2 protein chains.
Amino acid sequence: MIPQKPIDYDHIPEPTLRRLPWYLAYLKLEREKGETNISSTQISRAINVGASQIAKDLSMINVSGKTRVGYDVNELVDVLEDFLGFSHTHKAFLFGAGSLGGALLHDKGLSQYGMEIVAGFDVNPDRVSMSINDIPVYHLDDFDQMQSQMGVSIGILTVPVDRAQEVAERMVAGGIRAIWNFTPFRIHMPENIVVQNTSIYAHLALIFNRLDHQSQKK
Amino acid sequence: MIPQKPIDYDHIPEPTLRRLPWYLAYLKLEREKGETNISSTQISRAINVGASQIAKDLSMINVSGKTRVGYDVNELVDVLEDFLGFSHTHKAFLFGAGSLGGALLHDKGLSQYGMEIVAGFDVNPDRVSMSINDIPVYHLDDFDQMQSQMGVSIGILTVPVDRAQEVAERMVAGGIRAIWNFTPFRIHMPENIVVQNTSIYAHLALIFNRLDHQSQKK
């Protein structure tokens, strides 16, 4: 079940990439319960994704189950963690240590999933030179110097929305190659920069809308 | 430009609902700069969505621009905030005041977007009976009593992944009608329950994967 040929990163669709962490979360639960083998049908029943879709997704990372035995849970967890990048540490800088940024600095879950925030940057004198959860916060003007020492690839963007584009450009000029954008602003970036938008407040709108809509149906 | 006929909530596609907060964020920036009118072309250039898509999205909430004048910025901000549910307060309970849960309790941004977390629940004695950011944390066993006093509709699920299903069921039994699931576990819920999955760690996998992939290309 260990991948035999190199994985074709170019052809793994984003929906597959989004589902793989769900499988991983479930498999880790089952491993804790002592399960050693699991079928795609079992995974399917637990997380509401079709069994054939699961088998297809896993075949893309060169994993296939054995007839009547299914997948080896331990091996599948290892392969998934490794493929998803959770098994080694990626250093990140955080830009904007305000409310949401400060909250992310507090979140220990990120390091469990392979991201270590090594420093934060801000321009507010109340935040600069302090530490949040033992992570130092520097003035934004110190970014280039810190970057030359640390060579970080990932930047987390949690600045106010009206600074998003400007700070993102500064990040890229300093050598950041992937931006995790938590602002609701769609930043414009060169094609070679990885941008992941995670606008949690946009999800709020989806909840409110569907909740209000259901109330109207009653 | 004020909506004339009732909005047909049944037929607003989710992609539209996801884009509307982007328009709102940009429009609020422009309003601060003193802009009073804006065209779909201007919005398009700023946030990288086609102008005709923008016009179509806005027409779904019964807003249309005027020829050669465009949209009235003030009115459009009001209509969007109202439609998205950001202009009035929705009370929420948070379940699981650990790392990510505690981080969300710290985030003042949620209240700006219409969500007020009125209490947290946990089972860890170290967290129960304390307050985080002035929000009280109670034992999970006190949920039903608090709920009978407060009648909250929205529950934020930030428990460990192996408790997600069980706690979600308890939330629904207690009258919660919408669950904002931050765990990577796909909870099974009755059809009438609104479930919004926001697995920020799954986004990490997307970043790592694309970043590693780009490094390989070099």
# chains A, B, ... in the order shown; residues from 1 in each chain; ligands from 1
call {"tool": "residues_around", "arguments": {"residues": "Thr36 (chain B)", "least_positions_apart": "6", "cutoff": "12 Å", "atoms": "only C-alpha atoms", "output": "PyMOL selection string"}}
result
chain B and resi 27-30+69-77
call {"tool": "write_last_selection", "arguments": {"atoms": "N, CA, C and O atoms", "output": "compact mmCIF listing (two decimals), in the first residue's frame"}}
result
# COMPACT_ATOMS: atom_id res chain seq x y z
N LEU B 27 -16.52 47.32 -1.28
CA LEU B 27 -17.36 48.51 -1.28
C LEU B 27 -17.16 49.35 -0.02
O LEU B 27 -17.17 50.59 -0.08
N LYS B 28 -16.98 48.69 1.11
CA LYS B 28 -16.77 49.43 2.35
C LYS B 28 -15.45 50.21 2.30
O LYS B 28 -15.36 51.32 2.80
N LEU B 29 -14.45 49.60 1.66
CA LEU B 29 -13.18 50.31 1.46
C LEU B 29 -13.38 51.55 0.61
O LEU B 29 -12.88 52.64 0.92
N GLU B 30 -14.11 51.38 -0.48
CA GLU B 30 -14.34 52.51 -1.40
C GLU B 30 -15.16 53.59 -0.72
O GLU B 30 -14.95 54.78 -0.95
N VAL B 69 -23.82 55.46 -14.41
CA VAL B 69 -23.66 55.93 -13.02
C VAL B 69 -23.15 54.78 -12.14
O VAL B 69 -22.32 54.95 -11.26
N GLY B 70 -23.66 53.60 -12.42
CA GLY B 70 -23.26 52.43 -11.64
C GLY B 70 -24.10 52.27 -10.40
O GLY B 70 -25.25 52.74 -10.34
N TYR B 71 -23.50 51.66 -9.39
CA TYR B 71 -24.22 51.41 -8.15
C TYR B 71 -23.96 52.54 -7.17
O TYR B 71 -22.87 53.08 -7.10
N ASP B 72 -24.99 52.84 -6.36
CA ASP B 72 -24.83 53.77 -5.26
C ASP B 72 -24.13 53.01 -4.12
O ASP B 72 -24.67 52.02 -3.60
N VAL B 73 -22.93 53.45 -3.76
CA VAL B 73 -22.10 52.69 -2.82
C VAL B 73 -22.78 52.53 -1.45
O VAL B 73 -22.88 51.44 -0.90
N ASN B 74 -23.29 53.64 -0.91
CA ASN B 74 -23.94 53.58 0.40
C ASN B 74 -25.09 52.60 0.44
O ASN B 74 -25.21 51.78 1.34
N GLU B 75 -25.95 52.74 -0.57
CA GLU B 75 -27.12 51.86 -0.60
C GLU B 75 -26.72 50.41 -0.76
O GLU B 75 -27.28 49.52 -0.11
N LEU B 76 -25.72 50.17 -1.63
CA LEU B 76 -25.32 48.79 -1.89
C LEU B 76 -24.70 48.15 -0.63
O LEU B 76 -24.96 46.98 -0.32
N VAL B 77 -23.92 48.94 0.10
CA VAL B 77 -23.37 48.42 1.36
C VAL B 77 -24.50 48.04 2.31
O VAL B 77 -24.50 46.95 2.90
call {"tool": "closest_atom_pairs", "arguments": {"of": "chain A", "to": "chain B", "cutoff": "8 Å", "atoms": "only C-alpha atoms", "output": "CSV"}}
result
residue,atom,partner,partner_atom,distance
A:Tyr9,CA,B:His213,CA,6.4
A:Asp10,CA,B:His213,CA,7.7
A:Glu14,CA,B:Leu206,CA,7.7
A:Leu17,CA,B:Leu206,CA,6.5
A:Arg18,CA,B:Ala202,CA,6.1
A:Pro21,CA,B:Ala202,CA,5.7
A:Trp22,CA,B:Pro184,CA,5.5
A:Ala25,CA,B:Pro184,CA,6.1
A:Tyr26,CA,B:Phe185,CA,6.7
A:Leu29,CA,B:Asp162,CA,6.2
A:Ala46,CA,B:Arg186,CA,7.8
A:Ile47,CA,B:Arg186,CA,5.1
A:Asn48,CA,B:Arg186,CA,7.2
A:Phe83,CA,B:Asn209,CA,7.8
A:Leu84,CA,B:Ala205,CA,5.0
A:Gly85,CA,B:Phe208,CA,5.8
A:Phe86,CA,B:Ala205,CA,7.3
A:His90,CA,B:Phe208,CA,8.0
A:Ser99,CA,B:Asp107,CA,4.9
A:Leu100,CA,B:Asp107,CA,5.2
A:Gly102,CA,B:Ala103,CA,7.8
A:Ala103,CA,B:Ala103,CA,4.2
A:Leu104,CA,B:Ala103,CA,6.5
A:His106,CA,B:Ala103,CA,6.0
A:Asp107,CA,B:Ser99,CA,4.9
A:Lys108,CA,B:Ser99,CA,5.8
A:Gly109,CA,B:Ser99,CA,6.7
A:Leu110,CA,B:Tyr201,CA,7.0
A:Tyr113,CA,B:Tyr201,CA,6.7
A:Met115,CA,B:Leu204,CA,7.9
A:Val161,CA,B:Ala25,CA,7.3
A:Asp162,CA,B:Leu29,CA,6.3
A:Arg177,CA,B:Leu211,CA,7.5
A:Ala178,CA,B:Leu211,CA,6.7
A:Trp180,CA,B:Ile207,CA,7.6
A:Pro184,CA,B:Trp22,CA,5.6
A:Phe185,CA,B:Trp22,CA,6.0
A:Arg186,CA,B:Ile47,CA,5.1
A:Ile187,CA,B:Ile47,CA,7.1
A:His188,CA,B:Ile47,CA,7.6
A:Asn192,CA,B:Gln214,CA,7.8
A:Val194,CA,B:Leu211,CA,6.6
A:Val195,CA,B:Ile207,CA,7.6
A:Gln196,CA,B:Ile207,CA,6.5
A:Thr198,CA,B:Ile200,CA,7.3
A:Ile200,CA,B:Thr198,CA,7.3
A:Tyr201,CA,B:Tyr113,CA,6.7
A:Ala202,CA,B:Pro21,CA,5.7
A:His203,CA,B:Gln196,CA,7.2
A:Leu204,CA,B:Tyr113,CA,7.6
A:Ala205,CA,B:Leu84,CA,5.0
A:Leu206,CA,B:Leu17,CA,6.5
A:Ile207,CA,B:Gln196,CA,6.5
A:Phe208,CA,B:Gly85,CA,5.8
A:Asn209,CA,B:Leu84,CA,6.4
A:Arg210,CA,B:Val194,CA,6.7
A:Leu211,CA,B:Val194,CA,6.6
A:His213,CA,B:Tyr9,CA,6.5
A:Gln214,CA,B:Asn192,CA,7.8
call {"tool": "residues_around", "arguments": {"residues": "region 132-147 of chain B", "least_positions_apart": "2", "cutoff": "8 Å", "atoms": "only C-alpha atoms", "output": "ChimeraX atom specification"}}
result
/B:95,97,102,105-106,117-124,127-130,149-152,174-175
call {"tool": "write_last_selection", "arguments": {"atoms": "N, CA, C and O atoms", "output": "PDB file, in the first residue's frame"}}
result
ATOM      1  N   PHE B  95     -18.930  25.363  21.589  1.00  0.00           N
ATOM      2  CA  PHE B  95     -18.729  24.070  22.265  1.00  0.00           C
ATOM      3  C   PHE B  95     -17.289  23.625  22.076  1.00  0.00           C
ATOM      4  O   PHE B  95     -16.879  23.294  20.964  1.00  0.00           O
ATOM      5  N   ALA B  97     -13.892  24.898  24.423  1.00  0.00           N
ATOM      6  CA  ALA B  97     -13.148  26.152  24.596  1.00  0.00           C
ATOM      7  C   ALA B  97     -11.651  25.883  24.679  1.00  0.00           C
ATOM      8  O   ALA B  97     -10.939  26.510  25.454  1.00  0.00           O
ATOM      9  N   GLY B 102     -10.964  28.666  22.060  1.00  0.00           N
ATOM     10  CA  GLY B 102     -10.512  29.833  22.821  1.00  0.00           C
ATOM     11  C   GLY B 102     -10.104  30.965  21.893  1.00  0.00           C
ATOM     12  O   GLY B 102     -10.372  32.137  22.156  1.00  0.00           O
ATOM     13  N   LEU B 105     -13.142  32.721  20.693  1.00  0.00           N
ATOM     14  CA  LEU B 105     -13.700  33.578  21.742  1.00  0.00           C
ATOM     15  C   LEU B 105     -12.943  34.909  21.804  1.00  0.00           C
ATOM     16  O   LEU B 105     -13.505  35.939  22.159  1.00  0.00           O
ATOM     17  N   HIS B 106     -11.671  34.874  21.438  1.00  0.00           N
ATOM     18  CA  HIS B 106     -10.871  36.100  21.447  1.00  0.00           C
ATOM     19  C   HIS B 106     -11.132  36.995  20.240  1.00  0.00           C
ATOM     20  O   HIS B 106     -10.732  38.154  20.225  1.00  0.00           O
ATOM     21  N   ILE B 117     -20.999  35.561  20.461  1.00  0.00           N
ATOM     22  CA  ILE B 117     -20.894  34.321  21.244  1.00  0.00           C
ATOM     23  C   ILE B 117     -21.242  34.679  22.675  1.00  0.00           C
ATOM     24  O   ILE B 117     -20.549  35.480  23.310  1.00  0.00           O
ATOM     25  N   VAL B 118     -22.344  34.099  23.183  1.00  0.00           N
ATOM     26  CA  VAL B 118     -22.831  34.494  24.507  1.00  0.00           C
ATOM     27  C   VAL B 118     -22.318  33.590  25.621  1.00  0.00           C
ATOM     28  O   VAL B 118     -22.299  33.971  26.779  1.00  0.00           O
ATOM     29  N   ALA B 119     -21.888  32.377  25.254  1.00  0.00           N
ATOM     30  CA  ALA B 119     -21.312  31.473  26.262  1.00  0.00           C
ATOM     31  C   ALA B 119     -20.545  30.361  25.570  1.00  0.00           C
ATOM     32  O   ALA B 119     -20.806  30.027  24.416  1.00  0.00           O
ATOM     33  N   GLY B 120     -19.584  29.807  26.291  1.00  0.00           N
ATOM     34  CA  GLY B 120     -18.874  28.627  25.821  1.00  0.00           C
ATOM     35  C   GLY B 120     -19.180  27.458  26.740  1.00  0.00           C
ATOM     36  O   GLY B 120     -19.587  27.645  27.893  1.00  0.00           O
ATOM     37  N   PHE B 121     -19.010  26.238  26.230  1.00  0.00           N
ATOM     38  CA  PHE B 121     -19.187  25.031  27.040  1.00  0.00           C
ATOM     39  C   PHE B 121     -17.985  24.121  26.859  1.00  0.00           C
ATOM     40  O   PHE B 121     -17.418  24.043  25.762  1.00  0.00           O
ATOM     41  N   ASP B 122     -17.608  23.460  27.941  1.00  0.00           N
ATOM     42  CA  ASP B 122     -16.470  22.556  27.879  1.00  0.00           C
ATOM     43  C   ASP B 122     -16.665  21.506  28.980  1.00  0.00           C
ATOM     44  O   ASP B 122     -17.572  21.618  29.805  1.00  0.00           O
ATOM     45  N   VAL B 123     -15.821  20.476  28.980  1.00  0.00           N
ATOM     46  CA  VAL B 123     -15.879  19.490  30.061  1.00  0.00           C
ATOM     47  C   VAL B 123     -14.596  19.494  30.889  1.00  0.00           C
ATOM     48  O   VAL B 123     -14.538  18.872  31.942  1.00  0.00           O
ATOM     49  N   ASN B 124     -13.591  20.209  30.403  1.00  0.00           N
ATOM     50  CA  ASN B 124     -12.308  20.268  31.110  1.00  0.00           C
ATOM     51  C   ASN B 124     -12.416  21.206  32.322  1.00  0.00           C
ATOM     52  O   ASN B 124     -12.710  22.393  32.164  1.00  0.00           O
ATOM     53  N   ARG B 127     -11.076  24.703  32.321  1.00  0.00           N
ATOM     54  CA  ARG B 127     -11.701  25.761  31.518  1.00  0.00           C
ATOM     55  C   ARG B 127     -13.078  26.160  32.033  1.00  0.00           C
ATOM     56  O   ARG B 127     -13.512  27.289  31.865  1.00  0.00           O
ATOM     57  N   VAL B 128     -13.788  25.182  32.641  1.00  0.00           N
ATOM     58  CA  VAL B 128     -15.143  25.452  33.115  1.00  0.00           C
ATOM     59  C   VAL B 128     -15.104  26.485  34.237  1.00  0.00           C
ATOM     60  O   VAL B 128     -14.197  26.447  35.075  1.00  0.00           O
ATOM     61  N   SER B 129     -16.074  27.394  34.234  1.00  0.00           N
ATOM     62  CA  SER B 129     -16.232  28.445  35.245  1.00  0.00           C
ATOM     63  C   SER B 129     -15.273  29.611  35.054  1.00  0.00           C
ATOM     64  O   SER B 129     -15.250  30.531  35.858  1.00  0.00           O
ATOM     65  N   MET B 130     -14.439  29.567  34.013  1.00  0.00           N
ATOM     66  CA  MET B 130     -13.623  30.740  33.752  1.00  0.00           C
ATOM     67  C   MET B 130     -14.298  31.592  32.669  1.00  0.00           C
ATOM     68  O   MET B 130     -15.319  31.198  32.101  1.00  0.00           O
ATOM     69  N   GLN B 149     -32.827  29.294  28.979  1.00  0.00           N
ATOM     70  CA  GLN B 149     -32.864  30.729  29.311  1.00  0.00           C
ATOM     71  C   GLN B 149     -32.651  31.605  28.084  1.00  0.00           C
ATOM     72  O   GLN B 149     -33.221  32.675  27.969  1.00  0.00           O
ATOM     73  N   MET B 150     -31.790  31.146  27.170  1.00  0.00           N
ATOM     74  CA  MET B 150     -31.320  32.040  26.111  1.00  0.00           C
ATOM     75  C   MET B 150     -31.859  31.725  24.716  1.00  0.00           C
ATOM     76  O   MET B 150     -31.859  32.585  23.848  1.00  0.00           O
ATOM     77  N   GLY B 151     -32.278  30.491  24.468  1.00  0.00           N
ATOM     78  CA  GLY B 151     -32.851  30.142  23.167  1.00  0.00           C
ATOM     79  C   GLY B 151     -31.957  30.479  21.984  1.00  0.00           C
ATOM     80  O   GLY B 151     -32.362  31.172  21.055  1.00  0.00           O
ATOM     81  N   VAL B 152     -30.732  29.961  22.024  1.00  0.00           N
ATOM     82  CA  VAL B 152     -29.749  30.266  20.986  1.00  0.00           C
ATOM     83  C   VAL B 152     -29.920  29.315  19.798  1.00  0.00           C
ATOM     84  O   VAL B 152     -30.211  28.131  19.975  1.00  0.00           O
ATOM     85  N   GLY B 174     -30.784  19.893  22.094  1.00  0.00           N
ATOM     86  CA  GLY B 174     -31.062  21.056  22.940  1.00  0.00           C
ATOM     87  C   GLY B 174     -31.654  22.232  22.169  1.00  0.00           C
ATOM     88  O   GLY B 174     -31.898  23.290  22.746  1.00  0.00           O
ATOM     89  N   GLY B 175     -31.868  22.073  20.873  1.00  0.00           N
ATOM     90  CA  GLY B 175     -32.556  23.126  20.116  1.00  0.00           C
ATOM     91  C   GLY B 175     -31.676  23.970  19.201  1.00  0.00           C
ATOM     92  O   GLY B 175     -32.167  24.917  18.589  1.00  0.00           O
TER      93      GLY B 175
END
call {"tool": "residues_around", "arguments": {"residues": "Glu169 (chain B)", "least_positions_apart": "4", "cutoff": "8 Å", "atoms": "only C-alpha atoms", "output": "MDAnalysis selection string"}}
result
chainID B and resid 165 173 189
call {"tool": "write_last_selection", "arguments": {"atoms": "N, CA, C and O atoms", "output": "PDB file, in the first residue's frame"}}
result
ATOM      1  N   GLN B 165     -19.281  14.274  16.680  1.00  0.00           N
ATOM      2  CA  GLN B 165     -20.626  13.763  16.393  1.00  0.00           C
ATOM      3  C   GLN B 165     -21.511  13.799  17.640  1.00  0.00           C
ATOM      4  O   GLN B 165     -22.647  14.281  17.603  1.00  0.00           O
ATOM      5  N   ALA B 173     -30.293  18.210  20.010  1.00  0.00           N
ATOM      6  CA  ALA B 173     -31.315  17.794  20.983  1.00  0.00           C
ATOM      7  C   ALA B 173     -31.725  18.975  21.859  1.00  0.00           C
ATOM      8  O   ALA B 173     -32.873  19.088  22.286  1.00  0.00           O
ATOM      9  N   MET B 189     -26.103  14.937  10.333  1.00  0.00           N
ATOM     10  CA  MET B 189     -27.150  15.724  10.979  1.00  0.00           C
ATOM     11  C   MET B 189     -28.460  15.563  10.213  1.00  0.00           C
ATOM     12  O   MET B 189     -28.448  15.309   9.013  1.00  0.00           O
TER      13      MET B 189
END
call {"tool": "select_by_dssp", "arguments": {"residues": "chain A", "states": "helix (DSSP H, G or I)", "output": "ChimeraX atom specification"}}
result
/A:9-11,14-32,40-47,51-60,73-84,99-106,109-112,140-150,161-173,200-217
call {"tool": "select_by_dssp", "arguments": {"residues": "region 15-200 of chain A", "states": "strand (DSSP E or B)", "output": "JSON, numbers by chain"}}
result
{"A": [37, 38, 66, 70, 71, 72, 90, 91, 92, 93, 94, 95, 115, 116, 117, 118, 119, 120, 121, 122, 131, 132, 135, 136, 137, 138, 139, 154, 155, 156, 157, 178, 179, 180, 181, 194, 195, 196, 197]}
